[in-house]
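As provided, model_6.txt (compact mmCIF, C-alpha atoms) reads as follows.
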# COMPACT_ATOMS: atom_id res chain seq x y z
CA MET A 1 0.00 0.00 0.00
CA ASN A 2 1.18 3.53 -0.77
CA ILE A 3 0.58 6.00 2.07
CA LEU A 4 1.31 9.72 1.98
CA GLN A 5 1.49 11.78 5.17
CA ILE A 6 1.25 15.56 4.97
CA LEU A 7 2.11 18.01 7.75
CA PRO A 8 3.32 21.64 7.91
CA GLU A 9 6.96 21.12 8.90
CA LEU A 10 9.33 18.54 10.35
CA LYS A 11 10.29 20.44 13.48
CA SER A 12 10.63 19.05 16.99
CA GLY A 13 7.29 17.93 18.41
CA GLY A 14 4.91 15.05 18.91
CA VAL A 15 3.15 15.44 15.56
CA GLU A 16 6.42 15.49 13.70
CA ARG A 17 8.00 12.63 15.66
CA GLY A 18 4.89 10.53 15.20
CA THR A 19 4.95 11.16 11.46
CA VAL A 20 8.57 10.05 11.18
CA ASP A 21 8.02 6.97 13.36
CA LEU A 22 5.00 5.86 11.34
CA ALA A 23 6.75 6.51 8.03
CA GLU A 24 9.73 4.40 9.10
CA TYR A 25 7.49 1.60 10.38
CA LEU A 26 5.45 1.47 7.17
CA HIS A 27 8.65 1.43 5.14
CA ARG A 28 10.04 -1.50 7.16
CA LYS A 29 6.80 -3.41 6.61
CA GLY A 30 7.14 -3.11 2.84
CA HIS A 31 4.74 -0.26 2.13
CA LYS A 32 5.61 2.80 0.10
CA SER A 33 5.86 5.66 2.60
CA VAL A 34 5.81 9.24 1.35
CA VAL A 35 5.93 12.43 3.43
CA VAL A 36 5.11 15.96 2.27
CA SER A 37 6.12 18.97 4.36
CA ALA A 38 8.08 22.21 4.27
CA GLY A 39 11.07 20.37 5.75
CA GLY A 40 12.83 20.84 9.06
CA PRO A 41 15.32 19.28 11.49
CA LEU A 42 13.72 15.81 11.37
CA LEU A 43 14.08 15.55 7.60
CA GLY A 44 17.41 13.81 8.05
CA ASP A 45 15.72 10.99 9.97
CA LEU A 46 13.41 10.38 7.01
CA THR A 47 16.05 10.45 4.31
CA SER A 48 18.44 8.22 6.27
CA ALA A 49 15.65 5.64 6.53
CA GLY A 50 15.02 5.77 2.78
CA ILE A 51 11.68 7.57 3.03
CA THR A 52 10.56 9.67 0.06
CA HIS A 53 10.01 13.32 1.00
CA TYR A 54 8.60 16.14 -1.10
CA ALA A 55 9.21 19.71 0.04
CA LEU A 56 6.13 21.89 -0.39
CA PRO A 57 5.16 25.08 1.50
CA VAL A 58 2.14 23.39 3.07
CA HIS A 59 2.64 25.45 6.24
CA LYS A 60 1.42 28.61 4.50
CA LYS A 61 -2.23 29.59 4.95
CA SER A 62 -2.78 32.09 2.14
CA PRO A 63 -5.38 31.05 -0.49
CA MET A 64 -2.79 31.26 -3.28
CA ALA A 65 -0.34 29.07 -1.36
CA VAL A 66 -3.08 26.50 -0.71
CA PHE A 67 -4.12 26.53 -4.38
CA ARG A 68 -0.55 25.93 -5.51
CA ALA A 69 -0.06 23.20 -2.93
CA VAL A 70 -3.22 21.42 -4.13
CA ARG A 71 -1.92 21.38 -7.70
CA ALA A 72 1.52 20.16 -6.64
CA LEU A 73 0.18 17.49 -4.29
CA THR A 74 -2.23 16.22 -6.94
CA LYS A 75 0.73 15.55 -9.22
CA ILE A 76 2.61 13.76 -6.43
CA VAL A 77 -0.39 11.58 -5.54
CA ARG A 78 -0.78 10.47 -9.15
CA MET A 79 2.94 9.99 -9.74
CA GLU A 80 3.43 7.92 -6.57
CA HIS A 81 0.13 6.02 -7.03
CA ILE A 82 -0.95 6.93 -3.50
CA ASP A 83 -3.70 4.82 -1.89
CA ILE A 84 -4.27 6.85 1.29
CA LEU A 85 -3.73 10.53 2.13
CA HIS A 86 -3.03 11.15 5.82
CA ALA A 87 -3.27 14.77 7.03
CA ARG A 88 -1.89 15.65 10.45
CA SER A 89 -2.78 19.34 10.70
CA ARG A 90 -5.47 21.79 9.60
CA VAL A 91 -4.05 23.46 6.49
CA PRO A 92 -2.64 20.14 5.23
CA ALA A 93 -6.12 18.68 5.81
CA LEU A 94 -7.63 21.38 3.59
CA ILE A 95 -5.07 20.64 0.88
CA ALA A 96 -5.58 16.89 1.18
CA PHE A 97 -9.37 17.29 1.05
CA PHE A 98 -9.28 19.00 -2.35
CA VAL A 99 -6.70 16.54 -3.68
CA SER A 100 -8.86 13.66 -2.47
CA ARG A 101 -11.88 15.10 -4.28
CA SER A 102 -10.00 15.38 -7.57
CA THR A 103 -8.12 12.06 -7.41
CA GLN A 104 -10.68 9.93 -5.53
CA VAL A 105 -7.92 8.86 -3.13
CA PRO A 106 -9.35 8.46 0.41
CA PHE A 107 -7.97 10.81 3.02
CA VAL A 108 -7.84 10.49 6.80
CA THR A 109 -6.84 12.90 9.55
CA THR A 110 -5.16 12.52 12.92
CA CYS A 111 -6.19 14.88 15.73
CA HIS A 112 -3.31 15.27 18.16
CA GLY A 113 -4.97 17.66 20.60
CA PHE A 114 -7.79 20.12 21.24
CA TYR A 115 -8.66 22.64 18.53
CA SER A 116 -10.21 26.09 18.85
CA ARG A 117 -13.77 26.47 17.58
CA HIS A 118 -12.60 27.97 14.31
CA PHE A 119 -13.65 27.10 10.76
CA LEU A 120 -10.22 25.71 9.96
CA SER A 121 -10.49 23.31 12.89
CA ARG A 122 -13.53 21.68 11.28
CA LEU A 123 -11.24 20.48 8.50
CA MET A 124 -9.83 17.87 10.86
CA GLY A 125 -13.22 16.18 10.85
CA TRP A 126 -13.54 16.00 7.07
CA GLY A 127 -11.49 12.84 6.68
CA LYS A 128 -13.11 9.54 5.77
CA ARG A 129 -11.72 8.42 9.12
CA VAL A 130 -10.68 10.71 11.98
CA ILE A 131 -7.93 9.25 14.15
CA VAL A 132 -7.72 10.54 17.72
CA ALA A 133 -4.96 10.04 20.27
CA SER A 134 -7.37 9.84 23.22
CA HIS A 135 -11.05 9.31 23.92
CA ILE A 136 -11.45 12.87 25.24
CA ILE A 137 -10.15 14.27 21.94
CA GLY A 138 -12.70 12.12 20.14
CA LYS A 139 -15.45 13.51 22.38
CA ARG A 140 -14.33 17.07 21.66
CA MET A 141 -14.39 16.40 17.91
CA ARG A 142 -17.95 15.10 18.22
CA ASP A 143 -19.19 17.84 20.54
CA ASP A 144 -17.43 20.85 19.01
CA PHE A 145 -17.40 19.96 15.32
CA GLY A 146 -20.15 17.41 14.88
CA VAL A 147 -17.91 14.59 13.67
CA PRO A 148 -20.04 11.40 13.50
CA HIS A 149 -19.07 8.73 15.99
CA HIS A 150 -18.64 6.07 13.29
CA LYS A 151 -15.85 8.09 11.62
CA ILE A 152 -13.69 8.35 14.74
CA ARG A 153 -10.97 5.81 15.45
CA PHE A 154 -9.01 5.79 18.71
CA ILE A 155 -5.37 4.82 18.13
CA PRO A 156 -3.04 5.29 21.13
CA ARG A 157 0.24 7.04 20.48
CA GLY A 158 3.16 4.65 20.32
CA VAL A 159 6.91 5.12 20.62
CA ASN A 160 9.91 3.48 19.01
CA LEU A 161 10.93 0.88 21.59
CA GLU A 162 14.35 0.51 20.01
CA GLU A 163 15.06 4.18 20.69
CA PHE A 164 13.49 4.20 24.15
CA LYS A 165 14.75 0.95 25.62
CA TRP A 166 13.94 0.26 29.24
CA ARG A 167 16.79 1.04 31.64
CA PRO A 168 16.69 0.17 35.33
CA PHE A 169 15.77 3.22 37.37
CA GLU A 170 18.50 4.54 39.63
CA ALA A 171 16.51 3.71 42.74
CA GLU A 172 19.41 4.04 45.16
CA LYS A 173 20.22 7.54 43.95
CA TYR A 174 16.69 8.78 44.59
CA LYS A 175 15.66 6.47 47.45
CA ASN A 176 14.93 9.41 49.77
CA ASP A 177 13.31 11.61 47.13
CA VAL A 178 10.08 11.87 45.20
CA VAL A 179 10.79 12.40 41.49
CA ILE A 180 8.26 14.38 39.45
CA GLY A 181 8.80 14.82 35.72
CA LEU A 182 7.32 16.76 32.84
CA VAL A 183 8.01 15.50 29.33
CA GLY A 184 7.32 17.80 26.38
CA ARG A 185 8.96 20.41 24.19
CA LEU A 186 9.52 23.79 25.84
CA THR A 187 6.54 25.73 24.53
CA PRO A 188 3.81 27.61 26.46
CA ILE A 189 1.05 25.24 25.33
CA LYS A 190 2.71 22.41 27.28
CA GLY A 191 2.18 24.27 30.57
CA HIS A 192 5.74 24.51 31.89
CA PRO A 193 5.14 27.88 33.68
CA LEU A 194 2.11 26.47 35.49
CA PHE A 195 4.05 23.31 36.35
CA LEU A 196 6.91 25.32 37.87
CA LYS A 197 4.52 27.48 39.90
CA ALA A 198 2.83 24.36 41.23
CA MET A 199 6.15 22.73 42.09
CA ALA A 200 7.27 25.88 43.93
CA ARG A 201 4.29 25.45 46.24
CA VAL A 202 4.72 21.70 46.58
CA THR A 203 8.40 21.91 47.56
CA ARG A 204 7.53 24.17 50.49
CA VAL A 205 5.66 21.24 52.00
CA PHE A 206 7.71 18.36 50.59
CA PRO A 207 11.33 19.54 50.26
CA ASN A 208 12.63 16.11 49.20
CA ILE A 209 11.17 16.44 45.70
CA LYS A 210 13.36 16.20 42.61
CA ILE A 211 12.02 17.75 39.41
CA GLN A 212 13.04 16.65 35.92
CA ILE A 213 11.95 18.52 32.78
CA ILE A 214 12.66 16.69 29.53
CA GLY A 215 12.12 18.15 26.06
CA ASP A 216 13.60 20.10 23.18
CA ALA A 217 13.83 23.87 23.35
CA PRO A 218 12.95 26.07 20.35
CA LYS A 219 15.93 27.43 18.46
CA PRO A 220 16.48 31.22 18.92
Before we go any further, please render this structure as structure tokens.
Amino acid sequence: MNILQILPELKSGGVERGTVDLAEYLHRKGHKSVVVSAGGPLLGDLTSAGITHYALPVHKKSPMAVFRAVRALTKIVRMEHIDILHARSRVPALIAFFVSRSTQVPFVTTCHGFYSRHFLSRLMGWGKRVIVASHIIGKRMRDDFGVPHHKIRFIPRGVNLEEFKWRPFEAEKYKNDVVIGLVGRLTPIKGHPLFLKAMARVTRVFPNIKIQIIGDAPKP
């Protein structure tokens, strides 16, 4: 099967990492895996794994940029004989929707989080199937955007177990401490400021707490 994933850019983040992981997995299983984006730091991971990537400015929201992206993606879909279009963000979903209409190639979306009640957010519910990372996201898509229940598919987020192999926890090092961690890239939407304020209050009562924050920081 030939699957094409489309997302704005290949920067650091859960959407981007999930795209790369899925592309690599599909490739290993013998499928043709194609990714379309504006590029970014994770592009090297794709190319080193032998994944086909097409650079298009699908992160731009202007009508002219979308129109041009639709034309370019239509050519790619036909040239690569794509069977499924998989959009992972709102503008890419709009582009994929029009390409799907013209090529008759089914398209699906993956909703990675909550979306504002904006017209563009409704695009994430236009896929033939709407993949959600949690049941609460599925409920929000039904309640806020009227996505029919039968279209929604809950698929838990996975990780590459080869990259994140289990290592015995250093229990002796922290035997007298309580370790609290926050995993996520350093961006306001992840709630780091609120987490730090909360921990400042907690440590006044429980001073033996160790805090670990793990995640990439945006480049200046």
For Gly146 of chain A, find every residue with an atom within 12 Å (counting only C-alpha atoms), except residues of its own chain fewer than 3 positions away, and show them as a short mmCIF file (atom, residue, chain, number, x, y, z; two decimals) with C-alpha atoms, in the coordinates of the input.
data_model
loop_
_atom_site.label_atom_id
_atom_site.label_comp_id
_atom_site.auth_asym_id
_atom_site.auth_seq_id
_atom_site.Cartn_x
_atom_site.Cartn_y
_atom_site.Cartn_z
CA ARG A 117 -13.77 26.47 17.58
CA SER A 121 -10.49 23.31 12.89
CA ARG A 122 -13.53 21.68 11.28
CA LEU A 123 -11.24 20.48 8.50
CA MET A 124 -9.83 17.87 10.86
CA GLY A 125 -13.22 16.18 10.85
CA TRP A 126 -13.54 16.00 7.07
CA VAL A 130 -10.68 10.71 11.98
CA GLY A 138 -12.70 12.12 20.14
CA LYS A 139 -15.45 13.51 22.38
CA ARG A 140 -14.33 17.07 21.66
CA MET A 141 -14.39 16.40 17.91
CA ARG A 142 -17.95 15.10 18.22
CA ASP A 143 -19.19 17.84 20.54
CA HIS A 149 -19.07 8.73 15.99
CA HIS A 150 -18.64 6.07 13.29
CA LYS A 151 -15.85 8.09 11.62
CA ILE A 152 -13.69 8.35 14.74
#
Exercise for review: In the coordinate frame of the file, compute which residues have an atom within 6 Å of (-5.6, 9.4, -3.1) when using all atoms listed in the file, and state them as an MDAnalysis selection string.
Suggested key: chainID A and resid 82:85 100 103:106
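Using all atoms listed in the file for every distance, the candidate list A:Ser134, A:Ser89, A:Thr52, A:Ser37 yields A:Ser37 as the residue closest to Ala69 of chain A.
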* Find the residue from A:Leu4, A:Ile211, A:Ile137, A:Leu46 that sits nearest to Tyr115 of chain A; use all atoms listed in the file when measuring. =>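 Once distances to Tyr115 of chain A are computed over all atoms listed in the file, the minimum belongs to A:Ile137.
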Using the file's own x, y and z axes, so that the box edges lie along x, y and z, what centre and edge lengths in Å (one decimal) does a box around every listed atom of segment 60-75 of chain A get when 4 Å is added on each side? Give it as AutoDock Vina command-line options.
--center_x -1.9 --center_y 23.8 --center_z -2.1 --size_x 14.9 --size_y 24.5 --size_z 22.2
request  = Fewer than 6 positions away in the same chain doesn't count, so skip those; otherwise give me all residues within 12 Å of segment 13-30 of chain A, counting all atoms listed in the file, as an NGL selection string.
outcome  = :A and (1-7 or 36-53 or 86-89 or 109-113 or 133 or 156-163 or 183-187 or 189-190 or 215-218)
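Using only C-alpha atoms, the shortest contact distance between Pro207 of chain A and any of A:Val178, A:Phe114, A:Phe164, A:Ile155 is found at A:Val178.
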Selection near Ile180 of chain A, 10 Å with all atoms listed in the file, sequence-local residues under 4 positions removed, as JSON, numbers by chain: {"A": [199, 209, 210, 211, 212, 213]}
Here atom CA of Phe97 of chain A and atom CA of Lys11 of chain A stand apart by 23.5 Å
Between atom CA of Leu94 of chain A and atom CA of Leu120 of chain A lies a distance of 8.1 Å
Task: Selected residue of minimal separation from Met79 of chain A among A:Val34, A:Ser62, A:Asn208, A:Gly181, counting only C-alpha atoms - done: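 Checking each candidate against Met79 of chain A, we get A:Val34 as the closest.
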From the list A:Val108, A:Phe206, A:Pro193, A:Lys165, which residue is nearest Val179 of chain A when using only C-alpha atoms?
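Smallest distance to Val179 of chain A is found for A:Phe206.
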Quiz item: In Å to one decimal, how far is atom CA of Ile136 of chain A from atom CA of Ser116 of chain A?
Solution: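 Between atom CA of Ser116 of chain A and atom CA of Ile136 of chain A the gap works out to 14.7 Å.
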Of A:Val70, A:Ile76, A:Ile131, A:Val58, the one sitting nearest Arg101 of chain A when using all atoms listed in the file is A:Val70
